[in-house]
$ cat start05.txt   # compact mmCIF, C-alpha atoms
# COMPACT_ATOMS: atom_id res chain seq x y z
CA MET V 1 104.12 125.30 79.09
CA PRO V 2 102.80 124.46 75.61
CA ARG V 3 102.21 120.77 74.96
CA ARG V 4 104.66 120.61 72.04
CA ILE V 5 107.46 121.87 74.33
CA LEU V 6 106.63 119.15 76.87
CA THR V 7 106.78 116.56 74.12
CA ARG V 8 110.18 117.80 72.95
CA THR V 9 111.50 117.72 76.52
CA ARG V 10 110.30 114.13 76.95
CA ALA V 11 112.00 113.10 73.73
CA LEU V 12 115.28 114.76 74.67
CA LYS V 13 115.30 113.18 78.12
CA PHE V 14 114.54 109.70 76.84
CA GLY V 15 117.30 109.92 74.24
CA ALA V 16 117.42 109.16 70.56
CA VAL V 17 115.00 106.29 71.05
CA LEU V 18 114.62 105.20 67.47
CA ALA V 19 118.36 104.56 67.39
CA VAL V 20 118.32 103.08 70.88
CA GLY V 21 115.45 100.79 69.90
CA CYS V 22 117.76 99.12 67.39
CA LEU V 23 120.84 99.12 69.61
CA ALA V 24 119.25 98.26 72.94
CA LEU V 25 116.54 95.86 71.89
CA SER V 26 118.41 93.98 69.13
CA ALA V 27 119.81 94.58 65.68
CA CYS V 28 116.84 95.89 63.75
CA SER V 29 118.28 94.73 60.45
CA SER V 30 118.51 91.11 61.61
CA SER V 31 114.82 90.29 61.14
CA ASP V 32 113.96 87.77 58.47
CA ASP V 33 111.54 89.29 55.98
CA ASN V 34 110.75 85.80 54.71
CA ALA V 35 109.69 84.51 58.14
CA SER V 36 106.56 82.37 58.15
CA THR V 37 103.54 84.47 59.06
CA SER V 38 100.31 82.62 59.63
CA ASN V 39 99.10 85.92 61.10
CA ASP V 40 99.91 89.10 59.17
CA THR V 41 103.04 90.70 60.64
CA SER V 42 103.69 92.77 57.52
CA ASP V 43 104.46 96.42 58.12
CA LYS V 44 104.22 97.45 54.44
CA ALA V 45 100.87 99.17 54.96
CA ALA V 46 101.30 100.14 58.60
CA PRO V 47 98.81 102.77 59.79
CA ALA V 48 100.27 106.21 60.44
CA LEU V 49 101.13 106.70 64.10
CA THR V 50 100.18 110.23 65.04
CA GLY V 51 99.98 110.04 68.84
CA GLU V 52 102.68 110.98 71.31
CA PRO V 53 105.09 108.07 71.90
CA ILE V 54 104.56 105.78 74.87
CA LYS V 55 108.01 105.52 76.43
CA ILE V 56 108.89 102.41 78.41
CA GLY V 57 112.06 101.97 80.45
CA TYR V 58 113.04 98.32 80.78
CA GLY V 59 115.55 97.10 83.37
CA ALA V 60 116.71 93.61 82.40
CA SER V 61 119.55 91.30 83.37
CA LEU V 62 121.55 91.27 80.14
CA SER V 63 124.62 90.02 82.02
CA GLY V 64 125.22 88.06 85.22
CA PRO V 65 124.42 84.51 86.42
CA GLN V 66 120.83 84.52 85.11
CA ALA V 67 121.34 86.76 82.09
CA THR V 68 119.24 84.47 79.89
CA ASN V 69 116.10 85.88 81.53
CA GLY V 70 116.95 89.43 80.57
CA LEU V 71 118.25 88.54 77.13
CA GLY V 72 115.01 86.73 76.40
CA ALA V 73 113.06 89.74 77.68
CA GLN V 74 115.11 92.05 75.45
CA ALA V 75 114.26 89.99 72.37
CA VAL V 76 110.55 89.90 73.25
CA ALA V 77 110.48 93.65 73.94
CA HIS V 78 111.95 94.37 70.53
CA ALA V 79 109.55 92.03 68.73
CA TRP V 80 106.53 93.42 70.58
CA GLN V 81 107.56 97.02 69.92
CA GLU V 82 108.06 96.44 66.20
CA TYR V 83 104.92 94.32 65.79
CA THR V 84 102.79 96.80 67.72
CA ASN V 85 104.08 99.82 65.83
CA SER V 86 103.49 98.09 62.50
CA HIS V 87 99.88 97.38 63.50
CA GLY V 88 98.69 100.82 64.56
CA GLY V 89 100.59 101.20 67.82
CA VAL V 90 98.50 101.62 70.96
CA ASN V 91 95.51 103.85 70.20
CA GLY V 92 97.65 105.40 67.47
CA HIS V 93 100.61 105.99 69.79
CA PRO V 94 103.96 104.48 68.80
CA VAL V 95 105.81 102.55 71.49
CA GLU V 96 109.47 103.21 72.28
CA ILE V 97 111.27 100.84 74.66
CA LYS V 98 114.70 101.45 76.12
CA VAL V 99 116.37 98.38 77.67
CA VAL V 100 119.21 98.88 80.16
CA ASP V 101 121.32 96.13 81.74
CA THR V 102 120.69 95.63 85.49
CA LYS V 103 123.71 93.27 85.61
CA ASN V 104 121.82 90.77 87.80
CA THR V 105 122.83 92.65 90.93
CA VAL V 106 120.93 94.74 93.45
CA PRO V 107 123.18 97.80 92.92
CA GLY V 108 122.85 97.45 89.15
CA ALA V 109 119.06 97.10 89.24
CA THR V 110 118.73 99.95 91.74
CA SER V 111 120.79 102.25 89.54
CA VAL V 112 118.71 101.47 86.46
CA ALA V 113 115.42 101.83 88.32
CA LYS V 114 116.45 105.21 89.77
CA GLN V 115 117.46 106.36 86.29
CA PHE V 116 113.97 105.62 84.99
CA LEU V 117 112.17 106.92 88.09
CA ASN V 118 114.01 110.22 87.85
CA ASP V 119 113.25 110.63 84.14
CA ASP V 120 109.68 111.93 83.91
CA SER V 121 109.55 111.14 80.19
CA VAL V 122 109.37 107.43 81.12
CA ASP V 123 105.69 106.46 81.20
CA ALA V 124 106.08 102.89 82.54
CA ILE V 125 108.88 100.69 83.86
CA PHE V 126 109.32 96.97 83.18
CA LEU V 127 111.67 94.82 85.25
CA THR V 128 113.22 91.41 84.57
CA ASP V 129 115.88 90.53 87.13
CA LEU V 130 115.11 87.50 89.29
CA VAL V 131 118.25 88.07 91.35
CA ALA V 132 117.62 91.71 92.30
CA GLU V 133 113.84 92.15 92.19
CA GLY V 134 113.17 91.06 95.79
CA ALA V 135 115.35 93.90 97.10
CA MET V 136 113.49 96.63 95.18
CA THR V 137 110.49 97.00 97.51
CA LYS V 138 111.67 100.09 99.37
CA LEU V 139 112.63 101.86 96.14
CA PHE V 140 109.22 101.24 94.54
CA THR V 141 107.11 102.16 97.59
CA ASN V 142 104.68 104.94 96.59
CA THR V 143 105.93 104.70 93.00
CA PRO V 144 104.67 107.51 90.73
CA VAL V 145 105.08 105.31 87.65
CA ALA V 146 103.63 101.87 86.88
CA ILE V 147 106.13 99.07 87.58
CA ILE V 148 105.23 96.06 85.42
CA SER V 149 106.49 92.51 85.82
CA GLY V 150 108.62 90.96 83.12
CA GLY V 151 108.09 87.39 84.31
CA GLY V 152 108.83 88.43 87.89
CA SER V 153 108.88 85.90 90.70
CA SER V 154 109.63 87.45 94.09
CA ASP V 155 106.60 87.77 96.36
CA LEU V 156 108.61 90.34 98.35
CA LEU V 157 107.95 92.77 95.50
CA TRP V 158 105.26 91.76 93.05
CA SER V 159 102.42 91.12 95.51
CA ALA V 160 103.55 93.62 98.14
CA LEU V 161 103.01 97.15 96.77
CA PRO V 162 100.33 99.20 95.02
CA GLY V 163 101.48 100.46 91.63
CA VAL V 164 103.49 97.28 91.06
CA PHE V 165 101.67 95.03 88.59
CA GLN V 166 102.04 91.25 88.43
CA ASP V 167 100.13 88.90 86.11
CA VAL V 168 101.95 85.58 86.60
CA SER V 169 102.59 83.22 89.50
CA GLY V 170 105.27 84.10 92.06
CA SER V 171 107.90 82.18 93.98
CA ASP V 172 105.70 80.70 96.73
CA TYR V 173 103.40 79.16 94.12
CA THR V 174 106.36 77.99 92.06
CA VAL V 175 107.92 76.12 94.98
CA LYS V 176 104.75 74.07 95.32
CA ALA V 177 104.41 73.55 91.59
CA TYR V 178 107.89 72.00 91.34
CA ALA V 179 106.87 69.28 93.78
CA ASP V 180 103.33 68.81 92.47
CA GLN V 181 104.41 68.27 88.89
CA ALA V 182 107.24 65.97 89.98
CA LYS V 183 104.79 63.81 91.93
CA ALA V 184 102.37 63.77 88.98
CA ALA V 185 105.21 62.37 86.84
CA GLY V 186 105.72 59.51 89.31
CA GLY V 187 108.49 61.01 91.43
CA LYS V 188 108.80 59.85 95.02
CA ASN V 189 112.19 61.16 96.16
CA PHE V 190 112.46 64.89 95.56
CA GLY V 191 115.73 66.84 95.21
CA TRP V 192 116.36 70.57 94.81
CA ALA V 193 119.08 72.00 92.54
CA ALA V 194 119.51 75.61 93.72
CA CYS V 195 121.33 78.47 92.04
CA ALA V 196 124.44 79.06 94.17
CA GLU V 197 124.59 82.78 93.41
CA VAL V 198 121.25 83.71 95.01
CA ALA V 199 120.43 83.02 98.66
CA VAL V 200 116.69 82.76 98.02
CA CYS V 201 117.26 79.75 95.74
CA GLN V 202 118.59 77.79 98.71
CA GLU V 203 115.83 79.13 100.97
CA ASN V 204 113.27 77.92 98.44
CA GLY V 205 114.82 74.48 98.72
CA GLY V 206 113.90 74.27 102.39
CA LYS V 207 110.32 75.31 101.61
CA ALA V 208 110.16 72.77 98.80
CA MET V 209 111.36 69.92 101.01
CA ASN V 210 108.66 70.71 103.58
CA TYR V 211 105.96 70.93 100.94
CA ALA V 212 107.10 67.72 99.23
CA LYS V 213 106.78 65.88 102.54
CA SER V 214 103.28 67.30 103.02
CA ILE V 215 102.12 65.70 99.75
CA GLY V 216 103.69 62.30 100.47
CA MET V 217 107.09 62.64 98.84
CA LYS V 218 110.50 62.19 100.47
CA GLY V 219 112.75 65.23 100.39
CA VAL V 220 116.38 64.30 99.70
CA GLY V 221 117.80 67.79 100.16
CA THR V 222 119.40 70.62 98.24
CA GLN V 223 122.56 70.85 96.14
CA LEU V 224 124.00 74.27 95.28
CA ILE V 225 124.68 74.62 91.56
CA SER V 226 127.10 77.32 90.43
CA SER V 227 126.65 78.71 86.93
CA SER V 228 130.45 79.00 86.60
CA ALA V 229 131.28 75.40 87.58
CA SER V 230 133.00 73.27 84.95
CA SER V 231 131.42 70.03 86.17
CA TYR V 232 128.46 68.93 88.29
CA THR V 233 129.53 65.33 88.83
CA ALA V 234 129.71 65.59 92.63
CA GLU V 235 126.27 67.16 92.95
CA CYS V 236 124.71 64.63 90.58
CA LEU V 237 126.26 61.67 92.37
CA SER V 238 124.97 63.00 95.68
CA PHE V 239 121.42 63.12 94.34
CA ILE V 240 121.80 59.63 92.88
CA ARG V 241 123.17 58.20 96.15
CA ASP V 242 120.21 59.70 98.01
CA GLY V 243 117.78 57.99 95.63
CA ALA V 244 116.42 61.11 93.94
CA ASP V 245 114.04 60.30 91.09
CA ALA V 246 112.84 63.88 90.59
CA ILE V 247 115.18 66.89 90.68
CA ALA V 248 113.80 70.43 90.60
CA PHE V 249 115.76 73.03 88.67
CA ASN V 250 115.77 76.32 90.61
CA ILE V 251 118.52 77.37 88.19
CA GLY V 252 118.65 79.12 84.83
CA PHE V 253 118.28 76.87 81.82
CA ALA V 254 121.78 77.62 80.52
CA THR V 255 123.16 76.04 83.69
CA GLY V 256 120.38 73.46 83.80
CA THR V 257 121.29 71.93 80.45
CA ARG V 258 124.87 71.31 81.58
CA PHE V 259 123.72 69.98 84.95
CA ALA V 260 121.19 67.63 83.34
CA ALA V 261 123.78 66.33 80.86
CA ASP V 262 126.22 65.57 83.69
CA CYS V 263 123.57 63.80 85.78
CA LEU V 264 122.42 61.67 82.87
CA GLN V 265 126.01 60.76 82.12
CA GLN V 266 126.41 59.64 85.74
CA GLY V 267 123.41 57.33 85.42
CA TYR V 268 120.49 59.40 86.67
CA THR V 269 117.23 57.86 85.40
CA GLY V 270 114.58 60.09 86.93
CA VAL V 271 112.79 63.19 85.71
CA PHE V 272 113.73 66.83 85.99
CA SER V 273 111.14 69.26 87.32
CA VAL V 274 111.42 72.52 85.37
CA ILE V 275 109.54 75.82 85.48
CA ASN V 276 109.59 79.26 83.88
CA SER V 277 113.06 80.70 83.24
CA GLY V 278 114.60 77.37 84.23
CA PHE V 279 113.35 75.80 81.01
CA ASP V 280 113.93 76.46 77.33
CA GLN V 281 112.64 73.92 74.84
CA LYS V 282 115.40 74.43 72.28
CA ALA V 283 118.17 74.12 74.87
CA PHE V 284 116.90 70.99 76.64
CA GLY V 285 115.84 69.39 73.37
CA LYS V 286 119.56 69.02 72.62
CA VAL V 287 120.28 67.01 75.82
CA PRO V 288 120.00 63.28 74.95
CA GLY V 289 117.87 61.36 77.45
CA PHE V 290 116.36 64.47 79.04
CA ARG V 291 112.89 63.87 80.51
CA SER V 292 110.92 66.53 82.34
CA ALA V 293 107.76 67.42 84.15
CA GLY V 294 107.28 71.10 83.48
CA GLY V 295 105.35 74.20 84.33
CA SER V 296 105.21 77.68 82.86
CA ASN V 297 103.99 80.96 84.29
CA GLY V 298 103.82 82.28 80.71
CA PHE V 299 101.43 80.91 78.11
CA PRO V 300 102.42 77.78 76.12
CA TRP V 301 104.45 78.91 73.11
CA TRP V 302 103.52 75.74 71.21
CA SER V 303 99.76 76.44 71.37
CA LYS V 304 97.81 76.52 68.13
CA ALA V 305 95.65 79.41 69.36
CA GLU V 306 95.69 82.54 67.20
CA PRO V 307 97.14 84.90 69.86
CA VAL V 308 100.07 82.51 70.29
CA LYS V 309 100.62 82.29 66.55
CA THR V 310 100.91 86.08 66.58
CA TYR V 311 103.63 85.81 69.23
CA ARG V 312 105.58 83.18 67.31
CA ASP V 313 105.33 85.07 64.04
CA ALA V 314 106.41 88.35 65.62
CA MET V 315 109.41 86.70 67.24
CA ALA V 316 110.34 84.99 63.96
CA LYS V 317 110.16 88.27 62.05
CA TYR V 318 111.63 90.78 64.48
CA SER V 319 113.79 88.76 66.92
CA PRO V 320 114.68 85.58 65.00
CA ASP V 321 117.70 84.83 67.18
CA GLY V 322 115.94 85.59 70.47
CA ILE V 323 114.88 83.17 73.19
CA TRP V 324 111.20 82.46 72.64
CA THR V 325 110.56 78.80 73.62
CA SER V 326 110.43 79.67 77.31
CA GLY V 327 107.74 80.62 79.80
CA ASN V 328 109.79 83.63 80.85
CA SER V 329 109.58 84.99 77.30
CA THR V 330 105.86 84.38 76.87
CA ALA V 331 105.20 85.98 80.28
CA VAL V 332 106.96 89.14 79.09
CA TRP V 333 104.84 89.21 75.91
CA SER V 334 101.60 88.86 77.88
CA SER V 335 102.63 91.71 80.21
CA PHE V 336 103.14 93.98 77.21
CA GLU V 337 99.80 92.86 75.78
CA LEU V 338 98.12 93.58 79.12
CA LEU V 339 99.53 97.13 79.11
CA LYS V 340 98.24 97.56 75.56
CA LYS V 341 94.79 96.29 76.53
CA ALA V 342 94.66 98.59 79.56
CA LEU V 343 95.51 101.66 77.47
CA ALA V 344 93.08 100.61 74.75
CA THR V 345 90.34 100.38 77.39
CA ALA V 346 91.17 103.64 79.16
CA LYS V 347 91.83 105.65 75.96
CA PRO V 348 93.64 108.48 77.80
CA SER V 349 93.62 111.83 76.03
CA GLU V 350 97.35 112.16 76.68
CA ILE V 351 100.14 109.81 77.71
CA THR V 352 101.64 110.57 81.11
CA ARG V 353 102.78 108.52 84.06
CA LYS V 354 99.46 109.15 85.76
CA THR V 355 97.28 108.19 82.80
CA VAL V 356 99.27 104.97 82.29
CA MET V 357 98.96 104.14 86.00
CA ASP V 358 95.22 104.86 85.90
CA ALA V 359 94.88 102.70 82.79
CA MET V 360 96.44 99.72 84.57
CA TYR V 361 93.71 99.95 87.19
CA THR V 362 91.06 99.45 84.50
CA VAL V 363 92.17 95.80 84.24
CA LYS V 364 89.29 93.69 85.56
CA ASN V 365 88.94 89.90 85.22
CA GLU V 366 91.23 89.96 82.19
CA THR V 367 92.65 86.78 80.65
CA LEU V 368 93.73 88.11 77.22
CA ASP V 369 91.87 85.20 75.60
CA GLY V 370 93.96 82.65 77.46
CA LEU V 371 97.36 84.36 77.45
CA LEU V 372 97.07 84.97 81.20
CA PRO V 373 96.88 82.04 83.66
CA GLU V 374 93.83 83.33 85.53
CA PRO V 375 91.48 86.35 85.44
CA ILE V 376 93.60 89.34 86.48
CA THR V 377 92.21 92.36 88.34
CA PHE V 378 94.20 95.35 89.60
CA THR V 379 92.65 97.47 92.36
CA LYS V 380 93.84 101.00 93.04
CA GLY V 381 95.60 101.34 96.38
CA LYS V 382 96.13 97.60 96.75
CA PRO V 383 98.98 95.24 95.76
CA SER V 384 98.51 92.75 92.96
CA LYS V 385 96.72 89.60 94.06
CA PRO V 386 99.07 86.58 94.01
CA VAL V 387 98.44 84.38 90.98
CA GLY V 388 97.81 80.72 91.76
CA CYS V 389 97.66 79.21 88.27
CA SER V 390 100.09 78.20 85.52
CA TRP V 391 100.38 75.78 82.60
CA LEU V 392 101.69 72.23 83.10
CA PHE V 393 103.40 70.08 80.47
CA LYS V 394 105.69 67.14 79.78
CA PHE V 395 108.72 67.37 77.54
CA ASP V 396 111.34 64.82 76.51
CA ALA V 397 114.34 65.49 74.30
CA GLY V 398 113.56 64.48 70.73
CA LYS V 399 109.95 65.67 70.84
CA ASP V 400 108.86 68.46 68.51
CA ASN V 401 107.03 70.31 71.29
CA PRO V 402 106.02 69.95 74.92
CA GLU V 403 102.81 68.05 75.61
CA SER V 404 100.22 70.10 77.49
CA ILE V 405 98.66 68.56 80.58
CA GLU V 406 95.07 69.76 80.50
CA PRO V 407 93.42 70.31 83.88
CA ASN V 408 90.08 68.95 85.00
CA LYS V 409 88.97 72.56 85.35
CA SER V 410 90.48 75.45 83.41
CA GLY V 411 91.81 78.22 85.62
CA ASN V 412 91.56 80.92 82.95
CA GLY V 413 88.44 79.72 81.14
CA ALA V 414 90.40 78.78 78.03
CA LYS V 415 90.17 75.39 76.37
CA GLY V 416 92.76 73.01 74.93
CA ASP V 417 96.42 73.81 75.35
CA LEU V 418 95.75 77.31 76.73
CA ALA V 419 93.74 75.94 79.67
CA SER V 420 95.69 76.63 82.88
CA THR V 421 96.02 74.58 86.05
CA CYS V 422 95.43 76.17 89.45
CA ILE V 423 97.26 74.92 92.52
CA GLY V 424 96.38 77.95 94.61
CA TYR V 425 98.55 80.21 96.71

$ encode --input "start05.txt" --output "C-alpha cells"
Amino acid sequence: MPRRILTRTRALKFGAVLAVGCLALSACSSSDDNASTSNDTSDKAAPALTGEPIKIGYGASLSGPQATNGLGAQAVAHAWQEYTNSHGGVNGHPVEIKVVDTKNTVPGATSVAKQFLNDDSVDAIFLTDLVAEGAMTKLFTNTPVAIISGGGSSDLLWSALPGVFQDVSGSDYTVKAYADQAKAAGGKNFGWAACAEVAVCQENGGKAMNYAKSIGMKGVGTQLISSSASSYTAECLSFIRDGADAIAFNIGFATGTRFAADCLQQGYTGVFSVINSGFDQKAFGKVPGFRSAGGSNGFPWWSKAEPVKTYRDAMAKYSPDGIWTSGNSTAVWSSFELLKKALATAKPSEITRKTVMDAMYTVKNETLDGLLPEPITFTKGKPSKPVGCSWLFKFDAGKDNPESIEPNKSGNGAKGDLASTCIGY
C-alpha cells in the first residue's frame, strides 16, 4: 500500500487530533501570550513541520480519588506538545497527543489501554494512573508499542516488563524515602497516612513501619484517609495520642492539604513527609503552619537551571492553569523529553510503533542534563532497571520555594539544586 494511504489511515484512526489536542489536553486559547519567557517559547517563527505526525495515546486519571495526578499530566502533555511543535517538533515531526480519562479504576484504565493498543496509528502510549497501573502487567506483556511512564510508581508494572519504560523511582524506593527524609528532619515517631481507596497504600504502610524501625525510628501505625471525608479530626487525634512527630502522606495532595490543616488545628507540631504526587507547592503553601520534609521523583521545578526554566516557561505559556509545582508534573515532562531525545538519537526514517520502540532502546546512561534522577539505560528484552534516586527538599508554608537538600554525592552527576540523592533500591 502506498505510504500516503497509510498516513491517511493513521490520521483517520487517531481522529481529528488537532481539534482533540485543544479539547483533550486543555483549552488552547487559554495560554497567556504575555507569559514571562526567560527561554524563547515564541512560536511566531516556528520551523515548518514536514514529517509524519508522532501520535501518542495518553491514559490519565482525569477523574477519581487521585485525579490530580492525571489532570497535572494532561496540562504538562499539552504544554510539551505545543512547545515542541513550536520549536521544530521531533526531527521535523509534529507531535499529536490524545488524552483519555482512565477514571482511576482498573476497568477504566484497561479500556483506555486496549483502545490505544488496538489502534495501530498510535506510536507510543503514556500512562498516569497510580490506582490502576499495578494491575496492567498482564495487558502489557509482549507489548507491540512502547509504554512510557507518566510519573508511574508501581513496581508490579514499571520494572517488570520489557517494552515498559520507567525513568523515575518506584513505590519500594518511595516507601523508604518517606522514612529517611522524616528522620533527617528530626522525626522519631513515624506515622503513615494511607489513601483509603487503594489497598496498596495500606500495604505500603506496613512496609514503611518495618523500614522505619530498621533505621531507628518508632512506627506508630497507619490511619486510612478517605478523599471524600469531611473531617480528619479522629485520624489526626490518633496520631497525636500515639506521639507521632512525622506523618507520611501516601495520599494525593488535594486530600493532604485538608488532612494537614485538620491536624494542625488539633495541635500537631511535627513535620509532614511528602513525596511526588502527594505534594504540590502551591496547595500546601496555603496551609498555615505547614512544615514538611519532602522528596520528588521528578526534577525540582524551582531550579534555576536552563532546562527547568524551559519547563516553567512552557507551562506558563501553554498551560497557565495547570498543576506544575509538583514532582508528578516534572516527571511527566522529563518522560516526554526522554522520548524526544531517543527519537533524535535514532533518527528513524519513518515513524511506526517499531521504530519508536527501537528508539527507546537507544537510551544509554542518559540524565537529560539533570532532569533525570540517575543515568537511565534501557536494554532490549529486559525490564527497566529500578531507579534508586530522587531529589530531597524542605518546604514550609510562607516560603517562596522549597529548599533543596544537596547530597554529599550527586546521583545524576548534576550540581546545585539538580543534584539528586540516591537511597538505593

$ closest_residue --input "start05.txt" --among "V:Pro348, V:Gly151, V:Gly51, V:Gly416" --to "V:Gly88" --atoms "all atoms listed in the file"
V:Gly51

$ residues_around --input "start05.txt" --residues "V:Gln181" --least-positions-apart "2" --cutoff "9 Å" --atoms "only C-alpha atoms" --output "PDB file with C-alpha atoms, keeping the file's coordinate frame"
ATOM      1  CA  LYS V 176     104.750  74.070  95.320  1.00  0.00           C
ATOM      2  CA  ALA V 177     104.410  73.550  91.590  1.00  0.00           C
ATOM      3  CA  TYR V 178     107.890  72.000  91.340  1.00  0.00           C
ATOM      4  CA  ALA V 179     106.870  69.280  93.780  1.00  0.00           C
ATOM      5  CA  LYS V 183     104.790  63.810  91.930  1.00  0.00           C
ATOM      6  CA  ALA V 184     102.370  63.770  88.980  1.00  0.00           C
ATOM      7  CA  ALA V 185     105.210  62.370  86.840  1.00  0.00           C
ATOM      8  CA  GLY V 186     105.720  59.510  89.310  1.00  0.00           C
ATOM      9  CA  GLY V 187     108.490  61.010  91.430  1.00  0.00           C
ATOM     10  CA  SER V 273     111.140  69.260  87.320  1.00  0.00           C
ATOM     11  CA  VAL V 274     111.420  72.520  85.370  1.00  0.00           C
ATOM     12  CA  ALA V 293     107.760  67.420  84.150  1.00  0.00           C
ATOM     13  CA  GLY V 294     107.280  71.100  83.480  1.00  0.00           C
ATOM     14  CA  GLY V 295     105.350  74.200  84.330  1.00  0.00           C
ATOM     15  CA  LEU V 392     101.690  72.230  83.100  1.00  0.00           C
ATOM     16  CA  PHE V 393     103.400  70.080  80.470  1.00  0.00           C
TER      17      PHE V 393
END

$ atom_distance --input "start05.txt" --atom1 "atom CA of V:Ser334" --atom2 "atom CA of V:Gly59"
17.1 Å

$ atom_distance --input "start05.txt" --atom1 "atom CA of V:Gly134" --atom2 "atom CA of V:Gln66"
14.7 Å

$ closest_residue --input "start05.txt" --among "V:Pro375, V:Gly411, V:Gly150, V:Gly219" --to "V:Lys188" --atoms "only C-alpha atoms"
V:Gly219

$ closest_residue --input "start05.txt" --among "V:Asp396, V:Glu306, V:Glu197, V:Glu374" --to "V:Gly289" --atoms "all atoms listed in the file"
V:Asp396

$ residues_around --input "start05.txt" --residues "V:Ala48" --least-positions-apart "2" --cutoff "10 Å" --atoms "all atoms listed in the file" --output "JSON, numbers by chain"
{"V": [45, 46, 50, 51, 85, 86, 87, 88, 89, 92, 93, 94]}

$ axis_aligned_box --input "start05.txt" --around "stretch 148-166 of chain V" --padding-each-side "4 Å" --output "JSON"
{"center_x": 105.0, "center_y": 93.2, "center_z": 90.7, "size_x": 17.3, "size_y": 22.6, "size_z": 23.2}

$ closest_residue --input "start05.txt" --among "V:Gly170, V:Pro288, V:Pro162, V:Gly57" --to "V:Gln115" --atoms "only C-alpha atoms"
V:Gly57

$ closest_residue --input "start05.txt" --among "V:Met315, V:Ala346, V:Ala60, V:Ala67" --to "V:Ser149" --atoms "all atoms listed in the file"
V:Ala60

$ residues_around --input "start05.txt" --residues "V:Cys422" --least-positions-apart "6" --cutoff "7 Å" --atoms "all atoms listed in the file" --output "list in words"
Gly388, Cys389, Ser390 and Gly411 of chain V

$ residues_around --input "start05.txt" --residues "V:Gly108" --least-positions-apart "4" --cutoff "12 Å" --atoms "all atoms listed in the file" --output "short mmCIF file (atom, residue, chain, number, x, y, z; two decimals) with C-alpha atoms, in the frame of the given file"
data_model
loop_
_atom_site.label_atom_id
_atom_site.label_comp_id
_atom_site.auth_asym_id
_atom_site.auth_seq_id
_atom_site.Cartn_x
_atom_site.Cartn_y
_atom_site.Cartn_z
CA GLY V 59 115.55 97.10 83.37
CA ALA V 60 116.71 93.61 82.40
CA SER V 61 119.55 91.30 83.37
CA LEU V 62 121.55 91.27 80.14
CA SER V 63 124.62 90.02 82.02
CA GLY V 64 125.22 88.06 85.22
CA VAL V 100 119.21 98.88 80.16
CA ASP V 101 121.32 96.13 81.74
CA THR V 102 120.69 95.63 85.49
CA LYS V 103 123.71 93.27 85.61
CA ASN V 104 121.82 90.77 87.80
CA VAL V 112 118.71 101.47 86.46
CA ALA V 113 115.42 101.83 88.32
CA LYS V 114 116.45 105.21 89.77
CA GLN V 115 117.46 106.36 86.29
CA ASP V 129 115.88 90.53 87.13
CA VAL V 131 118.25 88.07 91.35
CA ALA V 132 117.62 91.71 92.30
CA GLU V 133 113.84 92.15 92.19
CA ALA V 135 115.35 93.90 97.10
CA MET V 136 113.49 96.63 95.18
#
